[in-house]
Amino acid sequence: MKNHQLIVLGLTFLVLNACKETPIDQEAEAENLMELSKAWAESVKTRNVDEMISYWADDAILMSPNEAAVVGIDSLRAMVERSMKIPGFDISWKPQEAYVSKGGDLGYVIIKNYMTMPIDTLGNTRTIYNKGVEIWKKQTDGSWKNVVDISNADPSITSID
């Protein structure tokens, strides 16, 4: 009878421990997303396409103002390659705040960004300021990848600082 009780007690212990969730340090993970967003913005300065797209998940979606959505890593790569060849094109952003879910598998970063684009053949450019959100998902290897990147114009923004 004692063996039976020990087995039941042992199984109960295993089940209860298996149901415990490992607590997530949401603040630390949110700070991690802030740093990732900053590093991603810095990577644009190098114009290294491989580095820039490494922050996106394979099935990521980019939704920019007045543009069709760009879906998937191959389409994102092509868009980045085209953009980097445009004389006068520039983009940058600055994360403002971040949040990570209690489960620790999803998070978002609120950003301010700007895009500078040529407006004519004389080399004149126009800068548009935007507000946006980056949605990040933790991957099976523990890394974070951007899965949705969306922004829209905000005339009240005149700087990303």
# chains A, B, ... in the order shown; residues from 1 in each chain; ligands from 1

call {"tool": "residues_around", "arguments": {"residues": "stretch 114-126 of chain A", "least_positions_apart": "3", "cutoff": "8 Å", "atoms": "only C-alpha atoms", "output": "PDB file with N, CA and C atoms, in the first residue's frame"}}
result
ATOM      1  N   ILE A  86      17.973  53.888 -54.080  1.00  0.00           N
ATOM      2  CA  ILE A  86      17.352  55.170 -54.406  1.00  0.00           C
ATOM      3  C   ILE A  86      18.221  56.300 -53.856  1.00  0.00           C
ATOM      4  N   PRO A  87      18.733  57.160 -54.738  1.00  0.00           N
ATOM      5  CA  PRO A  87      19.543  58.294 -54.262  1.00  0.00           C
ATOM      6  C   PRO A  87      18.706  59.199 -53.354  1.00  0.00           C
ATOM      7  N   GLY A  88      19.247  59.512 -52.204  1.00  0.00           N
ATOM      8  CA  GLY A  88      18.549  60.400 -51.275  1.00  0.00           C
ATOM      9  C   GLY A  88      17.605  59.693 -50.314  1.00  0.00           C
ATOM     10  N   PHE A  89      17.410  58.386 -50.498  1.00  0.00           N
ATOM     11  CA  PHE A  89      16.513  57.663 -49.597  1.00  0.00           C
ATOM     12  C   PHE A  89      17.190  57.458 -48.244  1.00  0.00           C
ATOM     13  N   ASP A  90      16.433  57.689 -47.191  1.00  0.00           N
ATOM     14  CA  ASP A  90      16.932  57.459 -45.840  1.00  0.00           C
ATOM     15  C   ASP A  90      15.753  57.094 -44.952  1.00  0.00           C
ATOM     16  N   ILE A  91      16.000  56.246 -43.984  1.00  0.00           N
ATOM     17  CA  ILE A  91      14.983  55.868 -43.012  1.00  0.00           C
ATOM     18  C   ILE A  91      15.668  55.629 -41.677  1.00  0.00           C
ATOM     19  N   SER A  92      14.992  56.028 -40.631  1.00  0.00           N
ATOM     20  CA  SER A  92      15.481  55.745 -39.291  1.00  0.00           C
ATOM     21  C   SER A  92      14.303  55.782 -38.334  1.00  0.00           C
ATOM     22  N   TRP A  93      14.501  55.211 -37.177  1.00  0.00           N
ATOM     23  CA  TRP A  93      13.461  55.218 -36.160  1.00  0.00           C
ATOM     24  C   TRP A  93      14.069  55.166 -34.781  1.00  0.00           C
ATOM     25  N   TYR A 129       7.435  62.126 -41.342  1.00  0.00           N
ATOM     26  CA  TYR A 129       7.541  61.563 -40.000  1.00  0.00           C
ATOM     27  C   TYR A 129       6.323  60.695 -39.715  1.00  0.00           C
ATOM     28  N   ASN A 130       6.568  59.586 -39.050  1.00  0.00           N
ATOM     29  CA  ASN A 130       5.517  58.614 -38.784  1.00  0.00           C
ATOM     30  C   ASN A 130       5.532  58.163 -37.331  1.00  0.00           C
ATOM     31  N   SER A 159      10.324  65.273 -35.273  1.00  0.00           N
ATOM     32  CA  SER A 159      11.620  64.723 -34.933  1.00  0.00           C
ATOM     33  C   SER A 159      11.392  63.341 -34.338  1.00  0.00           C
ATOM     34  N   ILE A 160      12.384  62.463 -34.441  1.00  0.00           N
ATOM     35  CA  ILE A 160      12.238  61.155 -33.802  1.00  0.00           C
ATOM     36  C   ILE A 160      12.835  61.134 -32.415  1.00  0.00           C
TER      37      ILE A 160
END

call {"tool": "select_by_dssp", "arguments": {"residues": "chain A", "states": "alpha helix (DSSP H)", "output": "NGL selection string"}}
result
:A and (2-19 or 26-46 or 49-53 or 73-84)

call {"tool": "select_by_dssp", "arguments": {"residues": "stretch 2-159 of chain A", "states": "strand (DSSP E)", "output": "PyMOL selection string"}}
result
chain A and resi 56-63+70-71+90-100+106-118+125-138+144-153

call {"tool": "atom_distance", "arguments": {"atom1": "atom CA of A:Ile53", "atom2": "atom CA of A:Trp40"}}
result
8.9 Å

call {"tool": "residues_around", "arguments": {"residues": "A:Ala30", "least_positions_apart": "2", "cutoff": "8 Å", "atoms": "only C-alpha atoms", "output": "number ranges by chain"}}
result
A: 26-28, 32-34, 98-100, 107

call {"tool": "atom_distance", "arguments": {"atom1": "atom CA of A:Tyr108", "atom2": "atom CA of A:Asp59"}}
result
16.7 Å

call {"tool": "residues_around", "arguments": {"residues": "A:Asn48", "least_positions_apart": "6", "cutoff": "10 Å", "atoms": "only C-alpha atoms", "output": "tab-separated table (two decimals) with N, CA and C atoms, in the first residue's frame"}}
result
chain	number	residue	atom	x	y	z
A	80	VAL	N	13.90	46.17	-49.64
A	80	VAL	CA	15.05	46.81	-49.02
A	80	VAL	C	16.14	47.05	-50.05
A	81	GLU	N	16.41	46.08	-50.89
A	81	GLU	CA	17.44	46.25	-51.93
A	81	GLU	C	17.09	47.41	-52.86
A	84	MET	N	17.54	50.83	-50.96
A	84	MET	CA	18.93	51.22	-50.73
A	84	MET	C	19.59	51.78	-51.99
